[in-house]
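Pasting entry.cif here (mmCIF, C-alpha atoms):
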```cif
data_data
#
loop_
_atom_site.label_atom_id
_atom_site.label_comp_id
_atom_site.auth_asym_id
_atom_site.auth_seq_id
_atom_site.Cartn_x
_atom_site.Cartn_y
_atom_site.Cartn_z
CA MET A 1395 22.05 25.02 0.68
CA LYS A 1396 18.76 25.84 2.39
CA VAL A 1397 15.98 23.38 1.65
CA THR A 1398 12.42 24.67 1.72
CA ASN A 1399 9.09 22.98 1.23
CA LYS A 1400 6.89 24.84 -1.25
CA TYR A 1401 3.86 23.05 0.23
CA TYR A 1402 4.68 24.11 3.78
CA ASP A 1403 1.68 25.00 5.91
CA ALA A 1404 2.67 25.80 9.49
CA SER A 1405 -0.87 25.08 10.68
CA LYS A 1406 -0.53 21.37 9.78
CA ALA A 1407 1.39 19.05 12.10
CA HIS A 1408 2.72 16.90 9.25
CA HIS A 1409 4.28 19.87 7.39
CA THR A 1410 7.77 21.23 8.14
CA PRO A 1411 9.95 23.72 6.24
CA GLN A 1412 12.25 20.82 5.27
CA GLY A 1413 9.58 18.34 4.18
CA PHE A 1414 6.85 16.16 5.65
CA CYS A 1415 6.75 14.28 8.92
CA ASN A 1416 4.54 12.09 11.06
CA PRO A 1417 2.71 13.87 13.88
CA GLU A 1418 3.59 10.93 16.16
CA PRO A 1419 6.99 11.02 17.92
CA THR A 1420 9.72 8.85 16.44
CA LEU A 1421 11.32 6.08 18.46
CA HIS A 1422 14.15 5.32 16.04
CA LYS A 1423 17.73 6.07 16.99
CA PRO A 1424 20.81 6.58 14.78
CA GLY A 1425 22.26 3.22 13.87
CA ASP A 1426 18.98 1.28 14.07
CA LEU A 1427 18.97 0.50 10.34
CA LYS A 1428 22.45 -1.02 10.46
CA ARG A 1429 21.58 -2.93 13.64
CA TRP A 1430 18.56 -4.47 11.90
CA GLN A 1431 20.53 -5.30 8.76
CA ASP A 1432 23.30 -6.94 10.80
CA GLU A 1433 20.82 -9.00 12.85
CA ARG A 1434 18.93 -10.03 9.72
CA LYS A 1435 22.11 -11.24 8.05
CA LYS A 1436 23.37 -13.05 11.16
CA LEU A 1437 20.11 -14.95 11.63
CA GLY A 1438 19.62 -15.66 7.91
CA LEU A 1439 16.23 -13.97 7.76
CA PRO A 1440 13.72 -14.19 6.29
CA LYS A 1441 13.34 -17.96 6.12
CA PRO A 1442 11.48 -19.57 3.19
CA PRO A 1443 7.83 -20.58 3.66
CA GLN A 1444 7.51 -23.82 5.63
CA ALA A 1445 6.45 -25.85 2.58
CA GLY A 1446 8.69 -23.96 0.14
CA TYR A 1447 8.03 -21.23 -2.39
CA GLU A 1448 6.35 -23.40 -5.03
CA GLN A 1449 3.81 -24.73 -2.57
CA PHE A 1450 3.21 -21.21 -1.30
CA ILE A 1451 2.44 -20.05 -4.85
CA GLN A 1452 0.06 -22.97 -5.39
CA GLN A 1453 -1.79 -22.10 -2.18
CA TRP A 1454 -1.90 -18.30 -2.45
CA TRP A 1455 -1.82 -17.35 -6.15
CA GLN A 1456 -4.18 -17.46 -9.12
CA ALA A 1457 -4.43 -15.64 -12.42
CA ALA A 1458 -6.75 -12.64 -12.20
CA ASP A 1459 -10.12 -13.21 -13.88
CA LEU A 1460 -11.38 -9.89 -15.28
CA SER A 1461 -14.40 -11.33 -17.05
CA GLY A 1462 -17.89 -9.92 -16.64
CA THR A 1463 -19.06 -6.40 -15.91
CA GLN A 1464 -20.05 -6.63 -12.24
CA ASP A 1465 -18.54 -4.13 -9.82
CA SER A 1466 -15.55 -5.88 -8.24
CA VAL A 1467 -12.35 -5.48 -6.23
CA TRP A 1468 -9.21 -7.48 -7.08
CA TRP A 1469 -6.14 -7.97 -4.93
CA LEU A 1470 -3.20 -8.05 -7.36
CA GLY A 1471 -0.56 -8.90 -4.75
CA HIS A 1472 1.38 -6.86 -2.20
CA ALA A 1473 -0.43 -3.48 -2.08
CA SER A 1474 -1.76 -3.45 -5.65
CA VAL A 1475 -5.56 -3.29 -5.92
CA LEU A 1476 -7.93 -2.92 -8.86
CA LEU A 1477 -11.48 -1.58 -8.54
CA ARG A 1478 -14.23 -1.82 -11.18
CA LEU A 1479 -17.06 0.54 -10.34
CA GLY A 1480 -19.80 1.41 -12.78
CA GLY A 1481 -17.69 0.25 -15.70
CA ARG A 1482 -14.73 2.44 -14.73
CA HIS A 1483 -11.44 1.10 -13.37
CA VAL A 1484 -9.30 2.42 -10.53
CA LEU A 1485 -5.80 1.04 -9.99
CA ILE A 1486 -3.99 1.52 -6.67
CA ASP A 1487 -0.22 1.28 -6.16
CA PRO A 1488 0.39 -0.89 -9.24
CA VAL A 1489 3.64 -2.88 -8.99
CA LEU A 1490 3.78 -5.67 -11.59
CA SER A 1491 7.55 -5.84 -12.19
CA PRO A 1492 10.06 -8.53 -11.16
CA ARG A 1493 11.65 -6.34 -8.47
CA ALA A 1494 10.72 -3.52 -6.11
CA SER A 1495 13.93 -1.67 -6.81
CA PRO A 1496 15.50 1.06 -8.96
CA LEU A 1497 17.76 -1.67 -10.39
CA SER A 1498 16.80 -4.60 -12.60
CA PHE A 1499 19.44 -6.91 -11.10
CA TYR A 1500 19.34 -6.07 -7.38
CA GLY A 1501 16.79 -5.39 -4.68
CA PRO A 1502 13.68 -7.18 -3.38
CA LYS A 1503 12.63 -9.78 -5.95
CA ARG A 1504 9.11 -11.10 -6.42
CA LYS A 1505 8.58 -14.50 -4.87
CA THR A 1506 5.12 -14.86 -6.41
CA PRO A 1507 4.28 -13.83 -9.98
CA PRO A 1508 1.90 -10.97 -10.79
CA PRO A 1509 -1.63 -12.25 -11.50
CA LEU A 1510 -1.78 -10.22 -14.70
CA SER A 1511 0.34 -7.91 -16.85
CA VAL A 1512 -0.21 -4.25 -17.67
CA GLN A 1513 -1.17 -5.40 -21.17
CA GLN A 1514 -4.00 -7.49 -19.72
CA LEU A 1515 -5.51 -4.64 -17.71
CA PRO A 1516 -8.84 -3.18 -18.81
CA ALA A 1517 -8.97 0.53 -19.65
CA VAL A 1518 -7.75 2.29 -16.51
CA ASP A 1519 -9.43 5.59 -15.68
CA VAL A 1520 -7.77 6.53 -12.39
CA VAL A 1521 -4.48 5.55 -10.72
CA LEU A 1522 -3.94 6.21 -7.01
CA ILE A 1523 -0.41 6.25 -5.56
CA SER A 1524 0.07 6.17 -1.78
CA HIS A 1525 3.78 7.13 -1.66
CA ASN A 1526 7.03 6.85 -3.57
CA HIS A 1527 8.67 3.70 -2.19
CA TYR A 1528 9.64 1.20 -4.88
CA ASP A 1529 7.18 -1.44 -3.72
CA HIS A 1530 4.32 1.05 -4.28
CA LEU A 1531 5.54 3.27 -7.12
CA ASP A 1532 7.23 1.16 -9.79
CA ARG A 1533 8.90 2.88 -12.70
CA GLN A 1534 8.60 -0.05 -15.12
CA THR A 1535 4.89 -0.54 -14.42
CA ILE A 1536 4.18 3.19 -14.68
CA ARG A 1537 6.08 3.47 -17.95
CA VAL A 1538 3.94 0.81 -19.66
CA LEU A 1539 0.77 1.97 -17.92
CA THR A 1540 1.11 5.58 -19.07
CA ARG A 1541 1.76 4.53 -22.64
CA ARG A 1542 -1.36 2.38 -22.71
CA PHE A 1543 -3.71 4.68 -20.83
CA ARG A 1544 -2.65 8.24 -21.62
CA SER A 1545 -5.96 9.75 -20.56
CA ALA A 1546 -5.90 8.21 -17.07
CA THR A 1547 -5.92 10.60 -14.11
CA PHE A 1548 -3.17 10.02 -11.56
CA ILE A 1549 -3.93 11.16 -8.00
CA VAL A 1550 -0.88 11.37 -5.74
CA PRO A 1551 0.18 12.86 -2.39
CA LEU A 1552 1.81 16.29 -2.21
CA GLY A 1553 5.24 16.59 -3.80
CA LEU A 1554 4.94 13.58 -6.11
CA LYS A 1555 3.52 15.21 -9.25
CA ARG A 1556 6.90 16.21 -10.64
CA TRP A 1557 8.05 12.56 -10.61
CA PHE A 1558 5.55 11.90 -13.42
CA SER A 1559 6.92 14.66 -15.69
CA HIS A 1560 8.97 12.07 -17.62
CA TYR A 1561 5.88 10.05 -18.55
CA PRO A 1562 3.03 10.76 -21.00
CA VAL A 1563 0.52 11.57 -18.26
CA LYS A 1564 -2.11 14.18 -19.15
CA ARG A 1565 -3.39 14.81 -15.63
CA VAL A 1566 -1.69 14.41 -12.27
CA VAL A 1567 -3.45 15.82 -9.19
CA GLU A 1568 -1.71 16.23 -5.83
CA LEU A 1569 -3.67 16.04 -2.58
CA ASP A 1570 -2.83 16.69 1.06
CA TRP A 1571 -4.32 14.64 3.89
CA TRP A 1572 -8.09 15.16 4.12
CA GLU A 1573 -8.29 16.75 0.66
CA SER A 1574 -10.45 15.15 -2.04
CA LEU A 1575 -11.10 15.08 -5.77
CA THR A 1576 -14.41 14.19 -7.43
CA LEU A 1577 -14.46 12.62 -10.88
CA GLY A 1578 -17.99 11.84 -12.05
CA ASP A 1579 -19.67 9.65 -9.44
CA MET A 1580 -16.39 8.83 -7.66
CA THR A 1581 -14.73 10.90 -4.94
CA PHE A 1582 -11.16 10.20 -3.85
CA HIS A 1583 -10.00 11.26 -0.40
CA ALA A 1584 -6.33 11.35 0.67
CA THR A 1585 -6.09 10.16 4.25
CA PRO A 1586 -3.36 10.19 6.92
CA ALA A 1587 -0.82 7.40 7.27
CA ARG A 1588 2.16 6.90 9.55
CA HIS A 1589 5.06 6.28 7.22
CA TRP A 1590 7.78 8.11 5.26
CA SER A 1591 9.05 8.60 1.70
CA MET A 1592 12.33 8.32 -0.16
CA ARG A 1593 13.59 7.16 -3.56
CA THR A 1594 17.12 8.58 -3.44
CA PRO A 1595 19.48 9.68 -0.65
CA TRP A 1596 18.52 13.29 -1.44
CA ASP A 1597 14.72 13.29 -1.28
CA ARG A 1598 13.80 11.80 2.08
CA ASN A 1599 10.30 12.95 3.08
CA ARG A 1600 10.18 15.53 0.29
CA SER A 1601 6.87 14.03 -0.87
CA LEU A 1602 3.97 13.01 1.32
CA TRP A 1603 2.53 9.53 2.02
CA CYS A 1604 -1.14 8.72 2.46
CA GLY A 1605 -3.99 6.23 2.35
CA TRP A 1606 -7.04 6.52 0.11
CA VAL A 1607 -10.79 6.42 0.55
CA VAL A 1608 -12.97 5.92 -2.53
CA HIS A 1609 -16.64 6.87 -2.37
CA HIS A 1610 -18.92 5.54 -5.11
CA PRO A 1611 -22.64 4.70 -5.07
CA ALA A 1612 -21.70 1.00 -5.13
CA LEU A 1613 -18.82 1.05 -2.64
CA ARG A 1614 -17.14 2.87 0.21
CA PHE A 1615 -13.57 1.62 0.12
CA TYR A 1616 -10.60 2.36 2.39
CA PHE A 1617 -7.01 1.62 1.39
CA SER A 1618 -4.61 2.24 4.28
CA GLY A 1619 -1.41 2.31 2.23
CA ASP A 1620 1.78 1.70 4.20
CA SER A 1621 1.27 2.73 7.79
CA GLY A 1622 2.30 2.05 11.30
CA TYR A 1623 -0.58 2.08 13.74
CA SER A 1624 -1.85 5.51 14.73
CA GLU A 1625 -4.97 6.82 16.42
CA GLN A 1626 -5.42 8.96 13.28
CA LEU A 1627 -6.39 5.84 11.35
CA ALA A 1628 -9.52 5.24 13.42
CA GLU A 1629 -10.52 8.86 12.78
CA ILE A 1630 -10.67 8.07 9.06
CA GLY A 1631 -13.60 5.76 9.71
CA THR A 1632 -15.28 8.42 11.82
CA HIS A 1633 -14.99 11.08 9.12
CA LEU A 1634 -15.31 9.07 5.92
CA GLY A 1635 -16.88 5.73 6.87
CA PRO A 1636 -18.57 3.43 7.39
CA PHE A 1637 -16.69 1.33 4.85
CA ASP A 1638 -17.93 -1.65 2.88
CA ILE A 1639 -14.41 -2.96 2.23
CA ALA A 1640 -11.01 -1.97 3.62
CA ALA A 1641 -7.54 -3.01 2.46
CA LEU A 1642 -5.37 -3.28 5.58
CA PRO A 1643 -1.72 -4.40 5.79
CA ILE A 1644 -0.64 -7.52 7.64
CA GLY A 1645 2.97 -7.94 6.45
CA ALA A 1646 6.52 -6.49 6.67
CA TYR A 1647 6.23 -6.12 10.44
CA ALA A 1648 9.24 -7.96 11.88
CA PRO A 1649 11.17 -7.11 13.96
CA ARG A 1650 8.70 -4.91 15.81
CA TRP A 1651 11.38 -2.73 17.44
CA PHE A 1652 12.36 -1.54 13.98
CA MET A 1653 9.19 -1.83 11.88
CA GLN A 1654 6.49 -0.64 14.29
CA GLU A 1655 6.63 3.01 13.19
CA GLN A 1656 6.09 2.21 9.53
CA HIS A 1657 4.12 -1.05 9.29
CA MET A 1658 1.27 -2.52 11.30
CA ASP A 1659 1.44 -6.13 12.39
CA PRO A 1660 -1.65 -8.41 12.15
CA GLN A 1661 -2.60 -7.67 15.77
CA GLN A 1662 -2.73 -3.93 15.11
CA SER A 1663 -4.63 -4.44 11.87
CA VAL A 1664 -7.23 -6.48 13.75
CA MET A 1665 -7.52 -3.68 16.31
CA LEU A 1666 -8.04 -1.15 13.50
CA TYR A 1667 -10.57 -3.49 11.90
CA GLN A 1668 -12.59 -3.34 15.11
CA GLN A 1669 -12.25 0.43 15.34
CA LEU A 1670 -13.56 0.73 11.76
CA ASN A 1671 -16.69 -1.25 12.77
CA GLN A 1672 -15.55 -4.45 11.09
CA PRO A 1673 -15.92 -3.91 7.34
CA ARG A 1674 -14.92 -6.69 5.00
CA VAL A 1675 -11.11 -6.62 4.86
CA ILE A 1676 -8.65 -7.52 2.13
CA PRO A 1677 -5.30 -8.18 3.85
CA ILE A 1678 -2.54 -6.53 1.82
CA HIS A 1679 1.21 -5.92 1.96
CA TRP A 1680 2.20 -9.57 2.16
CA GLY A 1681 2.85 -12.60 -0.04
CA VAL A 1682 5.07 -11.06 -2.74
CA PHE A 1683 8.25 -9.33 -1.49
CA GLU A 1684 10.42 -10.29 1.47
CA LEU A 1685 10.79 -6.79 2.89
CA ALA A 1686 11.10 -7.67 6.58
CA ASP A 1687 12.14 -10.62 8.74
CA GLU A 1688 8.97 -12.72 8.75
CA SER A 1689 8.50 -15.53 6.23
CA LEU A 1690 5.99 -15.09 3.41
CA ASP A 1691 3.55 -17.54 4.99
CA GLU A 1692 3.67 -16.05 8.50
CA PRO A 1693 1.26 -13.08 8.11
CA PRO A 1694 -1.92 -15.14 7.52
CA LEU A 1695 -1.01 -17.41 10.44
CA GLN A 1696 -0.44 -14.43 12.72
CA LEU A 1697 -3.70 -12.92 11.46
CA LYS A 1698 -5.56 -16.07 12.51
CA HIS A 1699 -4.00 -15.88 15.98
CA ALA A 1700 -4.76 -12.17 16.26
CA LEU A 1701 -8.43 -12.67 15.40
CA SER A 1702 -8.71 -15.52 17.90
CA SER A 1703 -7.00 -13.48 20.62
CA ALA A 1704 -9.46 -10.65 19.97
CA GLY A 1705 -12.34 -13.09 20.48
CA LEU A 1706 -13.53 -12.72 16.90
CA GLU A 1707 -15.07 -16.06 15.99
CA GLN A 1708 -17.29 -14.49 13.33
CA HIS A 1709 -15.45 -11.91 11.25
CA ARG A 1710 -14.89 -10.57 7.73
CA PHE A 1711 -11.11 -10.39 7.78
CA HIS A 1712 -10.00 -13.23 5.49
CA PRO A 1713 -6.85 -13.51 3.35
CA LEU A 1714 -7.44 -13.60 -0.40
CA LYS A 1715 -5.32 -15.32 -2.98
CA ILE A 1716 -3.21 -13.03 -5.11
CA GLY A 1717 -5.39 -12.37 -8.16
CA GLU A 1718 -8.64 -13.16 -6.35
CA ARG A 1719 -11.60 -10.80 -6.56
CA ILE A 1720 -14.60 -9.80 -4.49
CA GLU A 1721 -17.75 -9.21 -6.49
CA LEU A 1722 -19.78 -6.39 -5.02
CA GLY A 1723 -23.40 -6.77 -4.16
CA PRO A 1724 -25.84 -6.53 -1.25
CA THR A 1725 -23.73 -8.89 0.87
CA SER A 1726 -20.27 -7.53 0.01
#
```
Reformat the file's structure so that it appears as structure tokens.
Amino acid sequence: MKVTNKYYDASKAHHTPQGFCNPEPTLHKPGDLKRWQDERKKLGLPKPPQAGYEQFIQQWWQAADLSGTQDSVWWLGHASVLLRLGGRHVLIDPVLSPRASPLSFYGPKRKTPPPLSVQQLPAVDVVLISHNHYDHLDRQTIRVLTRRFRSATFIVPLGLKRWFSHYPVKRVVELDWWESLTLGDMTFHATPARHWSMRTPWDRNRSLWCGWVVHHPALRFYFSGDSGYSEQLAEIGTHLGPFDIAALPIGAYAPRWFMQEQHMDPQQSVMLYQQLNQPRVIPIHWGVFELADESLDEPPLQLKHALSSAGLEQHRFHPLKIGERIELGPTS
């Protein structure tokens, strides 16, 4: 059977007749996945947080406080983010279920609870999805979300619209990298990322992956999504910045020989932070699921070391608690 990509544009480096790809060369070799899985099992990784899971939750979790009307940004854990801008709400990569998995009894299990439920969310106007991995596109969350907010607009990367055909979604818009959609006073830009996509053994890289930039009179916001480091990421700041706030990943990076093409480590995120002219940063992609070999409490420690090594004594790259918010204003 010949597989073709109906979105194929030969002029774009990330398009191929078979699907999508990263413009950067791949370093992975056949057998690397099994090698990592075998090493992980042999070494018993990841280890629990140093003080245990309960203490980790006490230190890094709080219930989300949605009170008030002020423009705000909430980190909801892992890569889930909520924006309130001008009374409208934008939800990014919502995953509020017990597992990041197609199965209810197997797969990466939450180690920290969600800071709110879908039922507690305010009226959601726009949902942004960065790619189709289970820790970013969660069927259970989407099912409840689409029943509650049937008029919400979902904005997704190319090839992902058809996934939503089983849900009561009125409007799903697909975007390629560097394309945008304007809704009222908000403009949403799909931006490059260095990653991949797959939900089944038969759909690898059949849909695109991306980051998001949101432009609003009150906020210029960059959400990197899942991404290994790439020079393309700095270009996003050049074209669409400067940013007031950026959500950059600091977790799921170990071991580097296996994870470097798909996830940044804290050192690379700090380098990107500098290249983006040091906006305020919400560190994401840590603290919820044990997707790689580092412990849950390692990313903020490595972030501290990375900032110190970069000579950044004064900076705006601080970990938030899951459920914590940033209220926007002149000093945000």
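Distances here use all atoms listed in the file; by that measure, the residue among A:Leu1479, A:Ile1678, A:Ile1630, A:Leu1685 closest to A:Trp1606 is A:Ile1630.
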- Task: I need the residue set behind the PyMOL selection byres ((chain A and resi 1496) around 12) for this file; please write it as number ranges by chain.
- Result: A: 1491-1495, 1497-1503, 1526-1529, 1531-1534, 1592-1594
- Message: Using all atoms listed in the file for the distances, tell me which of A:Thr1576, A:Ser1545, A:Gln1656, A:Thr1540 is nearest to A:Arg1588.
- Response: A:Gln1656
- Item | Residue among A:His1679, A:Arg1478, A:Lys1441, A:Lys1406 lying closest to A:Asp1570, counting all atoms listed in the file | A:Lys1406
- Query: If you count only C-alpha atoms, which residues fall within 12 Å of A:Met1653, apart from same-chain ones fewer than 4 positions away, as a VMD selection string?
  - Reply: chain A and resid 1420 to 1422 1426 to 1427 1430 1588 to 1589 1620 to 1623 1645 to 1649 1657 to 1659 1685 to 1688
